[in-house]
$ cat coords_26.cif   # mmCIF, C-alpha atoms
data_data
#
loop_
_atom_site.label_atom_id
_atom_site.label_comp_id
_atom_site.auth_asym_id
_atom_site.auth_seq_id
_atom_site.Cartn_x
_atom_site.Cartn_y
_atom_site.Cartn_z
CA MET A 1 0.00 0.00 0.00
CA GLY A 2 1.18 3.53 -0.75
CA LEU A 3 1.74 6.39 1.66
CA VAL A 4 -1.58 8.07 0.89
CA LYS A 5 -3.60 4.89 1.41
CA ASN A 6 -1.73 3.95 4.58
CA SER A 7 -2.00 7.51 5.87
CA SER A 8 -5.73 7.52 5.18
CA MET A 9 -6.18 4.27 7.10
CA VAL A 10 -4.17 5.49 10.09
CA ILE A 11 -5.72 8.96 10.03
CA ALA A 12 -9.21 7.41 9.97
CA GLY A 13 -8.32 5.38 13.06
CA ILE A 14 -6.72 8.35 14.79
CA VAL A 15 -9.68 10.60 13.94
CA MET A 16 -12.15 8.04 15.32
CA ALA A 17 -10.03 7.49 18.43
CA ASN A 18 -9.64 11.20 18.99
CA ILE A 19 -13.31 11.96 18.48
CA LEU A 20 -13.81 9.65 21.45
CA ALA A 21 -10.83 11.27 23.20
CA TYR A 22 -12.38 14.69 22.73
CA ILE A 23 -15.70 13.45 24.05
CA PHE A 24 -13.65 12.25 27.03
CA HIS A 25 -12.04 15.68 27.53
CA ILE A 26 -15.27 17.58 27.01
CA TYR A 27 -17.09 15.35 29.47
CA VAL A 28 -14.28 15.72 32.04
CA GLY A 29 -14.14 19.49 31.48
CA ARG A 30 -17.87 19.92 31.95
CA VAL A 31 -18.09 17.67 35.01
CA LEU A 32 -14.99 19.05 36.77
CA GLY A 33 -15.23 22.75 35.84
CA PRO A 34 -12.27 24.98 34.87
CA ALA A 35 -10.33 24.71 38.17
CA ASP A 36 -10.28 20.90 38.51
CA TYR A 37 -9.92 20.55 34.74
CA GLY A 38 -6.79 22.69 35.02
CA THR A 39 -5.42 20.23 37.58
CA PHE A 40 -6.21 17.36 35.24
CA GLY A 41 -4.44 19.20 32.39
CA ALA A 42 -1.30 19.69 34.50
CA LEU A 43 -1.24 15.99 35.43
CA ILE A 44 -1.63 15.02 31.76
CA ALA A 45 1.24 17.36 30.83
CA LEU A 46 3.41 15.70 33.52
CA TYR A 47 2.44 12.27 32.23
CA SER A 48 3.29 13.26 28.62
CA LEU A 49 6.79 14.34 29.62
CA LEU A 50 7.49 11.29 31.78
CA ALA A 51 6.21 8.98 29.04
CA LEU A 52 8.69 10.35 26.47
CA PRO A 53 11.11 7.41 26.87
CA SER A 54 8.24 5.04 26.08
CA GLY A 55 7.68 6.95 22.85
CA ALA A 56 11.38 6.56 22.04
CA ILE A 57 11.14 2.84 22.71
CA GLY A 58 8.06 2.57 20.49
CA SER A 59 9.78 4.38 17.62
CA ALA A 60 12.86 2.15 17.90
CA ILE A 61 10.65 -0.94 17.93
CA THR A 62 8.87 0.34 14.81
CA LYS A 63 12.10 1.02 12.92
CA PHE A 64 13.78 -2.31 13.61
CA THR A 65 10.55 -4.27 13.30
CA ALA A 66 10.09 -2.75 9.82
CA GLN A 67 13.58 -3.93 8.85
CA TYR A 68 13.04 -7.44 10.24
CA ASN A 69 9.54 -7.64 8.78
CA SER A 70 10.82 -6.85 5.27
CA LYS A 71 12.89 -10.05 5.57
CA LYS A 72 10.06 -12.04 7.24
CA ASP A 73 12.35 -12.51 10.26
CA TYR A 74 9.61 -12.86 12.88
CA ASN A 75 11.87 -14.51 15.47
CA LYS A 76 13.95 -11.34 15.66
CA ILE A 77 10.79 -9.30 16.15
CA GLY A 78 9.73 -11.58 19.00
CA ASN A 79 13.16 -11.36 20.57
CA LEU A 80 13.12 -7.59 20.25
CA ARG A 81 9.72 -7.43 21.97
CA LYS A 82 10.90 -9.65 24.83
CA LYS A 83 14.16 -7.84 25.52
CA ALA A 84 12.74 -4.34 25.08
CA GLY A 85 9.81 -5.23 27.33
CA ASN A 86 12.12 -6.33 30.15
CA LYS A 87 14.24 -3.19 29.91
CA ALA A 88 11.17 -0.96 29.72
CA LEU A 89 9.65 -2.55 32.81
CA TRP A 90 12.77 -1.78 34.86
CA TYR A 91 12.78 1.83 33.62
CA SER A 92 9.11 2.23 34.52
CA LEU A 93 9.52 0.80 38.01
CA VAL A 94 12.51 3.03 38.78
CA LEU A 95 10.58 6.07 37.55
CA PHE A 96 7.57 5.06 39.65
CA VAL A 97 9.70 4.84 42.80
CA LEU A 98 11.21 8.27 42.07
CA LEU A 99 7.73 9.71 41.66
CA LEU A 100 6.71 8.26 45.00
CA ILE A 101 9.70 9.95 46.65
CA PHE A 102 9.25 13.35 45.01
CA SER A 103 5.45 13.41 44.77
CA PRO A 104 5.04 15.88 47.69
CA LEU A 105 7.33 18.39 45.95
CA ILE A 106 5.58 17.96 42.60
CA ALA A 107 2.14 18.33 44.19
CA SER A 108 3.31 21.50 45.95
CA TYR A 109 4.61 22.96 42.66
CA PHE A 110 1.28 22.20 40.99
CA ASN A 111 -0.59 23.76 43.91
CA ILE A 112 -2.66 20.63 44.47
CA PRO A 113 -3.38 19.25 47.97
CA SER A 114 -2.91 15.51 47.32
CA VAL A 115 -0.12 13.33 45.89
CA THR A 116 -2.60 10.70 44.66
CA GLY A 117 -2.77 12.11 41.13
CA ILE A 118 1.04 12.11 40.86
CA ILE A 119 1.18 8.44 41.89
CA ILE A 120 -1.51 7.53 39.34
CA VAL A 121 0.57 9.28 36.67
CA GLY A 122 3.47 6.96 37.54
CA PHE A 123 1.18 3.93 37.30
CA SER A 124 0.01 5.09 33.85
CA VAL A 125 3.58 5.53 32.62
CA ILE A 126 4.33 1.88 33.45
CA LEU A 127 1.39 0.74 31.35
CA THR A 128 1.94 3.06 28.39
CA THR A 129 5.56 1.93 28.10
CA SER A 130 4.42 -1.67 27.59
CA LEU A 131 1.71 -0.55 25.16
CA SER A 132 4.19 1.44 23.05
CA ILE A 133 6.23 -1.72 22.42
CA ASN A 134 3.28 -3.72 21.11
CA ARG A 135 2.02 -0.82 19.01
CA GLY A 136 5.51 -0.28 17.64
CA ILE A 137 5.47 -3.87 16.39
CA LEU A 138 2.06 -3.38 14.74
CA GLN A 139 3.28 -0.21 13.04
CA GLY A 140 6.58 -1.77 11.93
CA MET A 141 4.76 -4.79 10.48
CA LYS A 142 2.46 -2.36 8.62
CA LYS A 143 -0.63 -3.73 10.34
CA PHE A 144 -2.23 -0.32 10.12
CA LYS A 145 -5.79 -1.60 10.43
CA ASP A 146 -5.01 -3.37 13.70
CA TYR A 147 -3.02 -0.33 14.88
CA SER A 148 -5.95 1.97 14.19
CA LEU A 149 -8.52 -0.34 15.78
CA ASN A 150 -6.42 -0.65 18.91
CA THR A 151 -6.33 3.13 19.37
CA ILE A 152 -10.12 3.20 18.93
CA TYR A 153 -10.65 0.43 21.49
CA GLU A 154 -8.41 2.28 23.94
CA SER A 155 -10.46 5.45 23.58
CA ILE A 156 -13.78 3.65 24.00
CA ILE A 157 -12.56 1.90 27.14
CA ARG A 158 -11.16 5.15 28.58
CA LEU A 159 -14.43 6.97 28.01
CA ILE A 160 -16.47 4.25 29.72
CA LEU A 161 -14.07 4.16 32.66
CA VAL A 162 -14.02 7.91 33.21
CA ILE A 163 -17.81 8.10 33.22
CA ILE A 164 -17.86 5.45 35.96
CA LEU A 165 -15.01 6.97 37.98
CA LEU A 166 -16.33 10.53 37.86
CA TYR A 167 -19.80 9.29 38.77
CA PHE A 168 -18.31 7.93 41.99
CA GLY A 169 -16.61 11.26 42.72
CA PHE A 170 -12.95 10.57 41.92
CA LYS A 171 -12.57 13.92 40.05
CA SER A 172 -9.22 14.63 38.35
CA ASN A 173 -7.62 11.52 39.89
CA GLY A 174 -10.34 9.37 38.35
CA ALA A 175 -9.76 10.94 34.94
CA ILE A 176 -6.03 10.13 35.12
CA LEU A 177 -6.71 6.60 36.37
CA ALA A 178 -8.97 5.99 33.36
CA TYR A 179 -5.92 6.61 31.15
CA GLY A 180 -3.79 3.99 32.89
CA LEU A 181 -6.47 1.30 32.92
CA ALA A 182 -7.30 1.89 29.24
CA TYR A 183 -3.62 1.46 28.34
CA LEU A 184 -3.56 -1.86 30.21
CA ILE A 185 -6.53 -3.28 28.32
CA ALA A 186 -5.31 -1.97 24.93
CA PHE A 187 -1.92 -3.60 25.62
CA ALA A 188 -3.54 -6.99 26.20
CA LEU A 189 -5.67 -6.75 23.05
CA ILE A 190 -2.64 -6.54 20.74
CA PHE A 191 -1.12 -9.95 21.52
CA PRO A 192 -3.42 -11.98 19.19
CA LYS A 193 -2.42 -9.66 16.33
CA ILE A 194 1.32 -10.33 16.66
CA LYS A 195 1.22 -14.05 17.42
CA GLU A 196 3.60 -14.85 14.53
CA THR A 197 6.41 -13.14 16.44
CA LYS A 198 8.09 -15.64 18.74
CA TYR A 199 10.92 -15.29 21.22
CA GLN A 200 14.10 -17.19 20.31
CA LYS A 201 16.73 -17.04 23.03
CA ASP A 202 19.80 -17.36 20.82
CA GLU A 203 18.83 -14.57 18.42
CA ASN A 204 21.46 -11.79 18.40
CA LEU A 205 19.99 -8.34 17.78
CA GLY A 206 22.90 -6.00 18.38
CA LEU A 207 21.13 -4.03 21.11
CA THR A 208 23.72 -1.24 21.18
CA LYS A 209 22.46 0.23 17.91
CA ILE A 210 18.88 -0.01 19.19
CA TYR A 211 19.74 1.84 22.41
CA ARG A 212 21.59 4.50 20.42
CA PHE A 213 18.53 4.94 18.24
CA MET A 214 16.26 5.24 21.32
CA LEU A 215 18.46 8.05 22.65
CA ILE A 216 18.18 9.92 19.36
CA VAL A 217 14.39 9.58 19.40
CA LEU A 218 14.20 10.65 23.05
CA ILE A 219 16.10 13.85 22.35
CA ALA A 220 13.88 14.57 19.33
CA ASN A 221 10.68 13.92 21.31
CA LEU A 222 11.88 16.11 24.18
CA ILE A 223 11.98 19.04 21.79
CA LEU A 224 8.43 18.59 20.49
CA GLN A 225 6.72 17.50 23.71
CA GLY A 226 8.58 20.09 25.76
CA ILE A 227 7.19 22.84 23.54
CA ILE A 228 3.67 21.45 23.90
CA ASN A 229 3.51 20.44 27.57
CA LEU A 230 5.90 22.62 29.58
CA PRO A 231 3.69 25.74 29.25
CA THR A 232 0.81 23.89 30.96
CA ILE A 233 3.05 22.97 33.90
CA PHE A 234 4.32 26.55 34.29
CA ILE A 235 0.83 27.99 33.91
CA LYS A 236 -0.50 25.66 36.63
CA HIS A 237 2.21 26.95 38.99
CA TYR A 238 2.07 30.67 38.22
CA ALA A 239 -1.51 31.30 37.06
CA SER A 240 -4.92 30.65 38.57
CA ALA A 241 -6.52 27.23 38.43
CA GLU A 242 -9.31 28.67 36.28
CA PHE A 243 -6.91 30.10 33.68
CA THR A 244 -5.13 26.75 33.54
CA GLY A 245 -8.51 25.18 32.76
CA TYR A 246 -9.08 27.67 29.90
CA TRP A 247 -5.59 26.96 28.54
CA ASN A 248 -6.15 23.20 28.75
CA ALA A 249 -9.47 23.46 26.91
CA ALA A 250 -7.92 25.53 24.09
CA LEU A 251 -4.84 23.30 23.87
CA THR A 252 -6.99 20.16 23.78
CA LEU A 253 -8.90 21.48 20.75
CA ALA A 254 -5.81 22.89 19.03
CA ARG A 255 -4.04 19.53 19.27
CA ILE A 256 -6.55 18.14 16.79
CA SER A 257 -4.06 19.38 14.20
CA LEU A 258 -1.25 17.27 15.68
CA PHE A 259 -3.47 14.23 16.06
CA VAL A 260 -4.65 14.33 12.45
CA THR A 261 -1.22 14.97 10.96
CA SER A 262 0.36 12.33 13.19
CA GLY A 263 -1.46 9.77 11.04
CA ILE A 264 0.68 10.90 8.12
CA ALA A 265 3.84 10.61 10.23
CA VAL A 266 2.85 7.15 11.51
CA ALA A 267 2.30 5.83 7.97
CA MET A 268 5.46 7.52 6.66
CA PHE A 269 7.77 6.10 9.35
CA PRO A 270 8.00 2.43 8.25
CA GLU A 271 8.04 3.49 4.58
CA ILE A 272 11.19 5.53 5.27
CA ALA A 273 12.73 3.03 7.71
CA GLU A 274 12.70 0.08 5.31
CA ARG A 275 14.29 2.03 2.43
CA THR A 276 17.97 2.81 2.01
CA ASN A 277 17.70 4.89 -1.18
CA LYS A 278 17.89 8.53 -0.09
CA ASN A 279 16.02 9.81 -3.16
CA GLU A 280 13.09 7.52 -2.37
CA GLN A 281 13.14 8.66 1.25
CA ARG A 282 13.07 12.32 0.23
CA ARG A 283 10.26 11.70 -2.28
CA ILE A 284 8.09 10.13 0.40
CA PHE A 285 8.93 12.94 2.83
CA ARG A 286 7.99 15.67 0.32
CA LYS A 287 4.63 14.04 -0.24
CA ALA A 288 4.09 13.80 3.52
CA ILE A 289 4.97 17.50 3.98
CA TRP A 290 2.32 18.59 1.49
CA LEU A 291 -0.31 16.40 3.12
CA THR A 292 0.65 17.79 6.55
CA LEU A 293 0.59 21.43 5.43
CA ILE A 294 -2.82 21.11 3.80
CA ALA A 295 -4.33 19.40 6.84
CA SER A 296 -2.82 21.70 9.51
CA ILE A 297 -3.64 24.96 7.68
CA ALA A 298 -7.22 23.84 7.08
CA ILE A 299 -7.67 23.02 10.75
CA ALA A 300 -6.15 26.35 11.88
CA LEU A 301 -8.54 28.29 9.62
CA ALA A 302 -11.46 26.26 10.95
CA PHE A 303 -10.52 27.20 14.52
CA LEU A 304 -10.22 30.88 13.59
CA ILE A 305 -13.72 30.89 12.08
CA PHE A 306 -15.56 28.41 14.27
CA GLY A 307 -13.36 28.13 17.39
CA GLY A 308 -15.56 30.27 19.60
CA LEU A 309 -18.64 28.32 18.62
CA ALA A 310 -16.80 25.04 19.20
CA ILE A 311 -15.75 26.03 22.73
CA LYS A 312 -19.24 27.25 23.63
CA ILE A 313 -20.94 24.12 22.33
CA LEU A 314 -18.40 21.61 23.58
CA TYR A 315 -17.18 23.05 26.88
CA GLY A 316 -19.95 25.48 27.74
CA SER A 317 -20.13 29.16 28.65
CA ALA A 318 -17.77 28.66 31.61
CA TYR A 319 -14.89 28.31 29.12
CA LEU A 320 -15.53 31.32 26.84
CA SER A 321 -12.28 32.94 28.04
CA ALA A 322 -10.44 30.17 26.14
CA ILE A 323 -11.51 31.57 22.73
CA PRO A 324 -8.59 34.02 22.17
CA ILE A 325 -6.14 31.35 23.34
CA LEU A 326 -7.51 28.89 20.77
CA ASP A 327 -7.25 31.45 17.94
CA TRP A 328 -3.45 31.64 18.11
CA LEU A 329 -2.84 28.09 19.29
CA GLY A 330 -4.51 26.81 16.10
CA PHE A 331 -1.91 28.53 13.94
CA ALA A 332 0.91 27.61 16.34
CA MET A 333 0.15 23.97 15.55
CA ILE A 334 1.13 24.38 11.87
CA PRO A 335 4.91 24.58 12.47
CA LEU A 336 4.56 22.00 15.25
CA SER A 337 2.88 19.61 12.80
CA ILE A 338 5.79 20.07 10.38
CA LEU A 339 8.27 19.64 13.23
CA GLN A 340 6.49 16.44 14.27
CA LEU A 341 6.74 15.10 10.72
CA TRP A 342 10.37 16.15 10.29
CA ILE A 343 11.33 14.46 13.57
CA GLY A 344 9.67 11.28 12.35
CA TYR A 345 11.55 11.51 9.03
CA TRP A 346 14.89 12.32 10.67
CA VAL A 347 14.54 9.44 13.11
CA ALA A 348 13.30 6.91 10.52
CA LYS A 349 16.27 7.37 8.21
CA ARG A 350 18.90 7.02 10.96
#
$ encode --input "coords_26.cif" --output "structure tokens"
Amino acid sequence: MGLVKNSSMVIAGIVMANILAYIFHIYVGRVLGPADYGTFGALIALYSLLALPSGAIGSAITKFTAQYNSKKDYNKIGNLRKKAGNKALWYSLVLFVLLLIFSPLIASYFNIPSVTGIIIVGFSVILTTSLSINRGILQGMKKFKDYSLNTIYESIIRLILVIILLYFGFKSNGAILAYGLAYLIAFALIFPKIKETKYQKDENLGLTKIYRFMLIVLIANLILQGIINLPTIFIKHYASAEFTGYWNAALTLARISLFVTSGIAVAMFPEIAERTNKNEQRRIFRKAIWLTLIASIAIALAFLIFGGLAIKILYGSAYLSAIPILDWLGFAMIPLSILQLWIGYWVAKR
């Protein structure tokens, strides 16, 4: 399948998953109100930064799975999954312990009274690290239909869980917990789709090159995710809880641009990774840039024209102060969408 067809399949899955994700955010925002929704937004920003190594692991799994898959070497894929999973589990547990130790300081910086949300963030990071490995295998094996369906299942499960948890009064902690539990179930659902990959103890993978690649991806992801998530953390510390809620509502809507264009990057990655001809790589990248520009500019213009209406309908009158924030955040996502794509291209051809 070509880039356009693969991109369309992944984008369709991402759009469906994120429609459900936006229903999740809108429901949480309406039930919690701006102040508690601001707390939830800060916890999500913290989670996104702590989960960056899992994204690096997932990208490395995708790249090397694509190479092994092109040779039908499923034993190496299984071995990669096993060894990466063990290493990722140790990383996650160490991070979780560190969060337990420093959770009072983090909670104080966020101006929140309880450390429970911080601990739940650590629990979610453990689960998303495992999920990123399995999804990386699906992406590398070009099982885009299964990849897309898994993201949809995750979003459905998260939405059901958050409705239940908020009904029982768990507030922002319940919303974060719904993330972790949804990752756990989505992780389990992938195994039947990668059953042809089997662990073979004697298989030599050359893990040094894989670790080096993970470091490259981590640095690249730190740039993009730092730009997106660090402002929320600073705003939660220095601004009012209500303003943080307005910012989180606007950012949640503006990130539609990144979610949509990420489908192009996801489909492009294995296409670049399995090729060694630089001209072919550049040709695929140019096509991906045009698709990304068209999509991100169209979304920014839609926010400029209909953003106020979208906030009023989706979040309610309590969030009208988010309208001017959304106007400029929509256009800010255009260069970020290109940066996201370029990072994917740069990493895939390493």
$ closest_residue --input "coords_26.cif" --among "A:Ala178, A:Ala186, A:Ala295, A:Ala288" --to "A:Ser130" --atoms "all atoms listed in the file"
A:Ala186
$ resolve_selection --input "coords_26.cif" --expression "the PyMOL selection byres ((chain A and resi 31) around 10)" --output "list in words"
His25, Ile26, Tyr27, Val28, Gly29, Arg30, Leu32, Gly33, Pro34, Asp36, Tyr37, Ile163, Leu166, Tyr167, Lys171, Ser172 and Tyr315 of chain A
$ write_last_selection --input "coords_26.cif" --atoms "C-alpha atoms" --output "compact mmCIF listing (two decimals), keeping the file's coordinate frame"
# COMPACT_ATOMS: atom_id res chain seq x y z
CA HIS A 25 -12.04 15.68 27.53
CA ILE A 26 -15.27 17.58 27.01
CA TYR A 27 -17.09 15.35 29.47
CA VAL A 28 -14.28 15.72 32.04
CA GLY A 29 -14.14 19.49 31.48
CA ARG A 30 -17.87 19.92 31.95
CA LEU A 32 -14.99 19.05 36.77
CA GLY A 33 -15.23 22.75 35.84
CA PRO A 34 -12.27 24.98 34.87
CA ASP A 36 -10.28 20.90 38.51
CA TYR A 37 -9.92 20.55 34.74
CA ILE A 163 -17.81 8.10 33.22
CA LEU A 166 -16.33 10.53 37.86
CA TYR A 167 -19.80 9.29 38.77
CA LYS A 171 -12.57 13.92 40.05
CA SER A 172 -9.22 14.63 38.35
CA TYR A 315 -17.18 23.05 26.88
$ closest_residue --input "coords_26.cif" --among "A:Ile164, A:Leu341, A:Ile227, A:Ile264" --to "A:Phe144" --atoms "only C-alpha atoms"
A:Ile264
$ atom_distance --input "coords_26.cif" --atom1 "atom CA of A:Ser155" --atom2 "atom CA of A:Leu177"
13.4 Å
$ resolve_selection --input "coords_26.cif" --expression "the PyMOL selection byres ((chain A and resi 339) around 12)" --output "count of residues only"
30
$ closest_residue --input "coords_26.cif" --among "A:Met214, A:Leu138, A:Ile19, A:Asn111" --to "A:Phe259" --atoms "only C-alpha atoms"
A:Ile19
$ resolve_selection --input "coords_26.cif" --expression "the PyMOL selection byres ((chain A and resi 348) around 10)" --output "NGL selection string"
:A and (59-60 or 62-64 or 213 or 217 or 268-275 or 281 or 342-347 or 349-350)
